[in-house]
$ cat protein20.csv   # CSV, C-alpha atoms
chain,number,residue,atom,x,y,z
A,39,MET,CA,15.2,-19.1,56.8
A,40,ALA,CA,16.2,-22.6,55.7
A,41,ALA,CA,12.6,-23.7,55.2
A,42,ARG,CA,11.7,-20.5,53.3
A,43,ARG,CA,14.6,-20.9,50.9
A,44,PHE,CA,13.9,-24.6,50.4
A,45,GLY,CA,10.2,-23.9,49.7
A,46,GLU,CA,11.0,-21.2,47.2
A,47,ARG,CA,13.3,-23.6,45.3
A,48,VAL,CA,10.7,-26.4,45.3
A,49,CYS,CA,8.0,-24.1,44.1
A,50,ALA,CA,10.2,-22.7,41.3
A,51,PHE,CA,10.9,-26.3,40.2
A,52,LEU,CA,7.2,-27.1,40.2
A,53,ARG,CA,6.3,-24.1,38.1
A,54,ASN,CA,8.9,-24.7,35.5
A,55,PRO,CA,7.6,-27.2,32.8
A,56,ARG,CA,11.1,-27.8,31.5
A,57,LYS,CA,12.4,-29.1,34.9
A,58,ARG,CA,11.6,-32.7,35.5
A,59,THR,CA,14.0,-33.8,38.3
A,60,LEU,CA,14.9,-32.2,41.6
A,61,ARG,CA,17.9,-32.9,43.8
A,62,ILE,CA,17.1,-32.4,47.5
A,63,VAL,CA,20.0,-31.7,49.8
A,64,ALA,CA,19.5,-32.0,53.6
A,65,ALA,CA,21.3,-33.2,56.6
A,66,PRO,CA,19.7,-36.3,58.3
A,67,GLU,CA,18.5,-34.2,61.2
A,68,ASP,CA,16.6,-31.9,58.8
A,69,GLN,CA,14.9,-34.6,56.7
A,70,ALA,CA,11.7,-34.5,58.8
A,71,SER,CA,11.5,-30.8,58.2
A,72,VAL,CA,12.0,-31.4,54.4
A,73,VAL,CA,9.0,-33.7,54.3
A,74,GLN,CA,6.9,-31.4,56.4
A,75,MET,CA,7.7,-28.5,54.1
A,76,LEU,CA,6.8,-30.6,51.0
A,77,ARG,CA,3.5,-31.5,52.6
A,78,LEU,CA,2.8,-27.8,53.2
A,79,ILE,CA,3.6,-27.0,49.6
A,80,GLU,CA,1.3,-29.9,48.4
A,81,HIS,CA,-1.6,-28.5,50.4
A,82,ALA,CA,-1.1,-24.9,49.3
A,83,PRO,CA,-4.3,-23.5,47.6
A,84,ASP,CA,-2.6,-23.1,44.2
A,85,ASN,CA,-1.1,-26.6,44.0
A,86,ARG,CA,-3.0,-29.1,41.9
A,87,ARG,CA,-0.3,-31.8,41.8
A,88,PRO,CA,-0.4,-34.6,44.4
A,89,PHE,CA,2.8,-35.6,46.1
A,90,PHE,CA,3.7,-39.2,46.5
A,91,LEU,CA,6.6,-39.2,49.1
A,92,TYR,CA,8.4,-42.4,50.0
A,93,GLU,CA,10.3,-42.3,53.2
A,94,GLU,CA,11.4,-45.9,53.8
A,95,PRO,CA,15.1,-46.6,54.2
A,96,PHE,CA,17.0,-48.0,51.3
A,97,THR,CA,18.0,-51.6,52.0
A,98,ASP,CA,18.5,-53.2,48.6
A,99,GLU,CA,17.2,-52.1,45.2
A,100,THR,CA,14.5,-54.7,44.7
A,101,ALA,CA,13.0,-54.4,48.2
A,102,TYR,CA,13.1,-50.6,48.0
A,103,PHE,CA,11.4,-50.2,44.6
A,104,ASP,CA,8.9,-53.0,45.3
A,105,GLY,CA,8.0,-51.0,48.5
A,106,LEU,CA,7.6,-47.9,46.4
A,107,VAL,CA,5.1,-49.8,44.2
A,108,MET,CA,3.0,-50.7,47.2
A,109,LYS,CA,3.2,-47.1,48.6
A,110,LEU,CA,2.0,-45.7,45.3
A,111,ALA,CA,-0.9,-48.1,45.1
A,112,ASP,CA,-1.9,-47.3,48.7
A,113,ASP,CA,-1.7,-43.6,48.2
A,114,ALA,CA,-3.7,-43.8,45.0
A,115,ALA,CA,-6.4,-45.8,46.8
A,116,GLN,CA,-6.5,-43.1,49.5
A,117,LEU,CA,-7.1,-40.5,46.8
A,118,GLY,CA,-10.2,-42.5,45.6
A,119,MET,CA,-8.5,-43.8,42.4
A,120,PRO,CA,-9.5,-47.1,40.9
A,121,THR,CA,-7.5,-50.1,42.0
A,122,LEU,CA,-4.2,-50.2,40.1
A,123,ARG,CA,-3.1,-53.2,38.1
A,124,LEU,CA,0.4,-54.0,39.5
A,125,PRO,CA,2.9,-55.2,36.9
A,126,ARG,CA,4.9,-58.5,37.4
A,127,GLU,CA,7.4,-58.3,34.6
A,128,GLY,CA,10.6,-56.4,34.5
A,129,ASP,CA,12.9,-55.4,37.4
A,130,ALA,CA,11.7,-53.5,40.5
A,131,ARG,CA,12.7,-50.1,39.2
A,132,SER,CA,10.9,-50.6,35.9
A,133,ARG,CA,7.8,-51.9,37.7
A,134,ALA,CA,7.8,-48.8,39.9
A,135,ALA,CA,8.1,-46.5,36.9
A,136,LEU,CA,5.2,-48.3,35.2
A,137,VAL,CA,3.0,-47.8,38.3
A,138,VAL,CA,3.9,-44.1,38.3
A,139,ALA,CA,2.8,-43.9,34.7
A,140,ARG,CA,-0.5,-45.6,35.4
A,141,VAL,CA,-1.2,-43.2,38.4
A,142,ALA,CA,-0.3,-40.2,36.2
A,143,GLU,CA,-2.6,-41.4,33.5
A,144,GLN,CA,-5.5,-41.5,35.9
A,145,LEU,CA,-4.6,-38.1,37.5
A,146,GLY,CA,-4.2,-36.2,34.3
A,147,ASP,CA,-2.8,-33.0,35.9
A,148,GLY,CA,0.6,-34.3,36.9
A,149,MET,CA,2.2,-35.6,40.1
A,150,LEU,CA,5.4,-35.4,42.2
A,151,VAL,CA,7.2,-38.6,43.3
A,152,GLY,CA,9.7,-37.9,46.1
A,153,LEU,CA,12.3,-40.5,47.2
A,154,VAL,CA,13.2,-39.1,50.7
A,155,PRO,CA,14.4,-42.1,52.8
A,156,ARG,CA,14.6,-41.4,56.5
A,157,GLU,CA,18.1,-42.9,56.7
A,158,ALA,CA,20.9,-41.5,54.5
A,159,PRO,CA,20.8,-43.5,51.2
A,160,PRO,CA,24.0,-44.9,49.6
A,161,GLU,CA,25.5,-42.6,47.0
A,162,GLY,CA,23.9,-43.0,43.6
A,163,PHE,CA,21.0,-45.1,45.0
A,164,ALA,CA,18.6,-43.6,42.4
A,165,ARG,CA,20.9,-43.0,39.5
A,166,ALA,CA,19.1,-45.6,37.4
A,167,TRP,CA,15.7,-44.3,38.5
A,168,LEU,CA,15.9,-40.8,37.1
A,169,PRO,CA,16.5,-41.6,33.4
A,170,LEU,CA,13.5,-44.0,33.2
A,171,TRP,CA,10.6,-43.0,31.0
A,172,PHE,CA,7.8,-41.1,32.8
A,173,PRO,CA,4.8,-39.4,31.3
A,174,GLU,CA,4.7,-35.6,30.8
A,175,GLY,CA,3.7,-33.9,34.0
A,176,VAL,CA,5.5,-36.3,36.3
A,177,LYS,CA,8.2,-34.7,38.3
A,178,LEU,CA,10.8,-36.5,40.5
A,179,ALA,CA,12.4,-35.3,43.7
A,180,VAL,CA,15.2,-37.4,45.1
A,181,LEU,CA,17.3,-36.9,48.2
A,182,GLY,CA,21.0,-36.4,47.3
A,183,ALA,CA,20.6,-37.5,43.7
A,184,ASP,CA,23.1,-36.6,41.0
A,185,GLY,CA,22.4,-35.2,37.6
A,186,CYS,CA,19.1,-33.4,38.3
A,187,ASP,CA,17.6,-30.4,36.5
A,188,ALA,CA,17.2,-28.4,39.7
A,189,GLU,CA,18.3,-28.4,43.3
A,190,ALA,CA,16.5,-27.4,46.6
A,191,ARG,CA,18.8,-27.2,49.6
A,192,PHE,CA,17.5,-27.3,53.2
A,193,ALA,CA,20.4,-25.6,55.1
A,194,LEU,CA,21.2,-22.7,57.3
A,195,GLU,CA,23.7,-20.1,56.0
A,196,LEU,CA,26.2,-19.5,58.8
A,197,ARG,CA,26.4,-15.8,58.0
A,198,GLU,CA,22.7,-15.4,58.2
A,199,VAL,CA,22.6,-17.2,61.6
A,200,ALA,CA,25.3,-14.8,62.8
A,201,SER,CA,23.3,-11.8,61.6
A,202,PHE,CA,20.2,-13.1,63.2
A,203,ILE,CA,21.9,-13.5,66.6
A,204,LYS,CA,23.5,-10.1,66.3
A,205,ALA,CA,20.1,-8.6,65.5
A,206,ASP,CA,18.6,-10.1,68.7
A,207,PRO,CA,16.8,-7.3,70.6
A,208,LEU,CA,18.3,-8.6,73.8
A,209,ALA,CA,21.8,-8.3,72.3
A,210,ALA,CA,22.9,-5.7,74.9
A,211,ASP,CA,22.1,-8.1,77.7
A,212,LYS,CA,23.5,-11.4,76.3
A,213,SER,CA,24.3,-14.3,78.6
A,214,PRO,CA,27.8,-15.8,78.4
A,215,GLU,CA,26.3,-18.9,76.8
A,216,HIS,CA,24.7,-16.7,74.1
A,217,MET,CA,28.0,-15.0,73.4
A,218,ILE,CA,29.7,-18.4,73.2
A,219,ALA,CA,27.1,-19.5,70.6
A,220,LEU,CA,27.7,-16.4,68.6
A,221,ALA,CA,31.5,-16.9,68.7
A,222,GLY,CA,31.0,-20.5,67.5
A,223,VAL,CA,29.0,-19.2,64.5
A,224,GLU,CA,31.8,-16.8,63.7
A,225,LEU,CA,34.3,-19.6,63.9
A,226,ALA,CA,32.3,-21.9,61.7
A,227,ALA,CA,32.1,-19.0,59.2
A,228,GLY,CA,35.9,-18.7,59.2
A,229,ASN,CA,36.1,-15.5,61.2
A,230,ARG,CA,38.7,-16.6,63.7
A,231,GLU,CA,39.6,-13.2,65.2
A,232,ALA,CA,35.9,-12.3,65.7
A,233,ALA,CA,35.4,-15.7,67.3
A,234,ARG,CA,38.4,-15.3,69.6
A,235,SER,CA,37.1,-11.9,70.7
A,236,GLY,CA,33.7,-13.3,71.3
A,237,PHE,CA,35.1,-16.1,73.5
A,238,VAL,CA,37.2,-13.6,75.5
A,239,ALA,CA,34.2,-11.4,76.1
A,240,ALA,CA,32.1,-14.4,77.2
A,241,ALA,CA,34.9,-15.4,79.6
A,242,LYS,CA,35.0,-12.0,81.2
A,243,LEU,CA,31.2,-11.8,81.5
A,244,ALA,CA,31.1,-15.3,83.1
A,245,GLU,CA,33.7,-14.3,85.6
A,246,THR,CA,31.7,-11.3,86.6
A,247,THR,CA,28.6,-13.4,87.1
A,248,GLY,CA,30.6,-16.1,89.1
A,249,ASP,CA,30.2,-18.9,86.6
A,250,ALA,CA,33.6,-20.4,86.7
A,251,ARG,CA,32.8,-23.4,84.5
A,252,VAL,CA,31.5,-21.3,81.6
A,253,ALA,CA,34.4,-18.8,82.0
A,254,GLU,CA,36.9,-21.6,81.8
A,255,GLN,CA,35.2,-23.1,78.7
A,256,ALA,CA,35.2,-19.7,76.9
A,257,ARG,CA,38.8,-19.0,78.0
A,258,ARG,CA,40.0,-22.4,76.6
A,259,ALA,CA,38.3,-21.7,73.3
A,260,ALA,CA,39.9,-18.2,73.1
A,261,ASP,CA,43.4,-19.7,73.9
A,262,ALA,CA,43.0,-22.3,71.1
A,263,LEU,CA,42.5,-19.4,68.6
A,264,ALA,CA,45.3,-17.2,70.0
A,265,GLY,CA,47.9,-18.7,67.7
$ encode --input "protein20.csv" --output "structure tokens"
Amino acid sequence: MAARRFGERVCAFLRNPRKRTLRIVAAPEDQASVVQMLRLIEHAPDNRRPFFLYEEPFTDETAYFDGLVMKLADDAAQLGMPTLRLPREGDARSRAALVVARVAEQLGDGMLVGLVPREAPPEGFARAWLPLWFPEGVKLAVLGADGCDAEARFALELREVASFIKADPLAADKSPEHMIALAGVELAAGNREAARSGFVAAAKLAETTGDARVAEQARRAADALAG
């Protein structure tokens, strides 16, 4: 569900010629899935826009954007493009933007540049990157960036998770652990009474199956919600 929703938002962004910048929102543990989904979209039959995804962690601005220059040059070479002339003047961000422009000029049909560092970047790490000049057809996607034209969020909706678990065809024969998981989802969604009832039911079921450890765990969770 999270991947489908994320993919739909990315595709809508790519189709909209007025949208140039995309804010990607994802927890650190989901960032590998974000990159995987972007690669699937890139290789879809109807996509003509190459994706240049940069996953290196952000250390300092100069090292980061100089690394982006080298990644762009390497990816362009793998696409069979002529060797890029790498700029020496300007700061690291400006040099990276200039290389993007040179790649875009050779491609002609547009491109997506994604800054998706594997480690959580500092807040505002790309704030000065997004307003730089880029040719028409260049789209930018940045993890956690502010002030973008669009947003794609890779996240589970707690109520959807609860509905999914409740719709489990084995719901009539849930294990105590399964019931505890469902009660935890209810609690995270703010449904305290439903969560307490779920923990109580899990404790009773665990008692009937002789699992004293799980019964005690569920009972403690129910007692914590009793007030």
$ closest_residue --input "protein20.csv" --among "A:Ala164, A:Met75, A:Ile218, A:Val107" --to "Ala135 of chain A" --atoms "only C-alpha atoms"
A:Val107
$ closest_residue --input "protein20.csv" --among "A:Arg230, A:Arg165, A:Lys57, A:Arg42" --to "Leu153 of chain A" --atoms "only C-alpha atoms"
A:Arg165
$ residues_around --input "protein20.csv" --residues "segment 255-259 of chain A" --least-positions-apart "3" --cutoff "6 Å" --atoms "all atoms listed in the file" --output "list in words"
Phe237, Ala241, Val252 and Ala262 of chain A
$ residues_around --input "protein20.csv" --residues "Arg140 of chain A" --least-positions-apart "5" --cutoff "10 Å" --atoms "only C-alpha atoms" --output "number ranges by chain"
A: 122-124, 134-135, 145, 172-173
$ closest_residue --input "protein20.csv" --among "A:Val72, A:Ala219, A:Val176, A:Ala64" --to "Ala142 of chain A" --atoms "all atoms listed in the file"
A:Val176
$ closest_residue --input "protein20.csv" --among "A:Leu263, A:Asp68, A:Arg53, A:Asp249" --to "Asn229 of chain A" --atoms "only C-alpha atoms"
A:Leu263
$ atom_distance --input "protein20.csv" --atom1 "atom CA of Ala130 of chain A" --atom2 "atom CA of Leu168 of chain A"
13.8 Å
$ residues_around --input "protein20.csv" --residues "Glu143 of chain A" --least-positions-apart "4" --cutoff "12 Å" --atoms "only C-alpha atoms" --output "mmCIF file with C-alpha atoms, in the frame of the given file"
data_model
loop_
_atom_site.group_PDB
_atom_site.id
_atom_site.type_symbol
_atom_site.label_atom_id
_atom_site.label_comp_id
_atom_site.auth_asym_id
_atom_site.auth_seq_id
_atom_site.Cartn_x
_atom_site.Cartn_y
_atom_site.Cartn_z
ATOM 1 C CA ALA A 114 -3.700 -43.800 45.000
ATOM 2 C CA MET A 119 -8.500 -43.800 42.400
ATOM 3 C CA PRO A 120 -9.500 -47.100 40.900
ATOM 4 C CA LEU A 122 -4.200 -50.200 40.100
ATOM 5 C CA LEU A 136 5.200 -48.300 35.200
ATOM 6 C CA VAL A 137 3.000 -47.800 38.300
ATOM 7 C CA VAL A 138 3.900 -44.100 38.300
ATOM 8 C CA ALA A 139 2.800 -43.900 34.700
ATOM 9 C CA ASP A 147 -2.800 -33.000 35.900
ATOM 10 C CA GLY A 148 0.600 -34.300 36.900
ATOM 11 C CA MET A 149 2.200 -35.600 40.100
ATOM 12 C CA PHE A 172 7.800 -41.100 32.800
ATOM 13 C CA PRO A 173 4.800 -39.400 31.300
ATOM 14 C CA GLU A 174 4.700 -35.600 30.800
ATOM 15 C CA GLY A 175 3.700 -33.900 34.000
ATOM 16 C CA VAL A 176 5.500 -36.300 36.300
#
$ atom_distance --input "protein20.csv" --atom1 "atom CA of Asp129 of chain A" --atom2 "atom CA of Trp171 of chain A"
14.1 Å
$ residues_around --input "protein20.csv" --residues "Phe96 of chain A" --least-positions-apart "3" --cutoff "7 Å" --atoms "all atoms listed in the file" --output "PDB file with C-alpha atoms, in the coordinates of the input"
ATOM      1  CA  TYR A 102      13.100 -50.600  48.000  1.00  0.00           C
ATOM      2  CA  PRO A 155      14.400 -42.100  52.800  1.00  0.00           C
ATOM      3  CA  PRO A 159      20.800 -43.500  51.200  1.00  0.00           C
TER       4      PRO A 159
END
$ residues_near_point --input "protein20.csv" --point "(36.7, -10.4, 79.2)" --cutoff "12 Å" --atoms "all atoms listed in the file" --output "compact mmCIF listing (two decimals) with C-alpha atoms, in the frame of the given file"
# COMPACT_ATOMS: atom_id res chain seq x y z
CA PRO A 214 27.80 -15.80 78.40
CA MET A 217 28.00 -15.00 73.40
CA ARG A 234 38.40 -15.30 69.60
CA SER A 235 37.10 -11.90 70.70
CA GLY A 236 33.70 -13.30 71.30
CA PHE A 237 35.10 -16.10 73.50
CA VAL A 238 37.20 -13.60 75.50
CA ALA A 239 34.20 -11.40 76.10
CA ALA A 240 32.10 -14.40 77.20
CA ALA A 241 34.90 -15.40 79.60
CA LYS A 242 35.00 -12.00 81.20
CA LEU A 243 31.20 -11.80 81.50
CA ALA A 244 31.10 -15.30 83.10
CA GLU A 245 33.70 -14.30 85.60
CA THR A 246 31.70 -11.30 86.60
CA THR A 247 28.60 -13.40 87.10
CA ALA A 253 34.40 -18.80 82.00
CA GLU A 254 36.90 -21.60 81.80
CA ALA A 256 35.20 -19.70 76.90
CA ARG A 257 38.80 -19.00 78.00
CA ALA A 260 39.90 -18.20 73.10
$ residues_around --input "protein20.csv" --residues "Phe90 of chain A" --least-positions-apart "6" --cutoff "10 Å" --atoms "all atoms listed in the file" --output "PyMOL selection string"
chain A and resi 77+80+106+109-110+113-114+138+149-153+178-179
$ closest_residue --input "protein20.csv" --among "A:Val180, A:Ala166, A:Ala41, A:Leu60" --to "Leu78 of chain A" --atoms "only C-alpha atoms"
A:Ala41
$ closest_residue --input "protein20.csv" --among "A:Ala233, A:Val141, A:Ala115, A:Cys49" --to "Asn85 of chain A" --atoms "only C-alpha atoms"
A:Cys49
$ atom_distance --input "protein20.csv" --atom1 "atom CA of Phe192 of chain A" --atom2 "atom CA of Arg156 of chain A"
14.8 Å
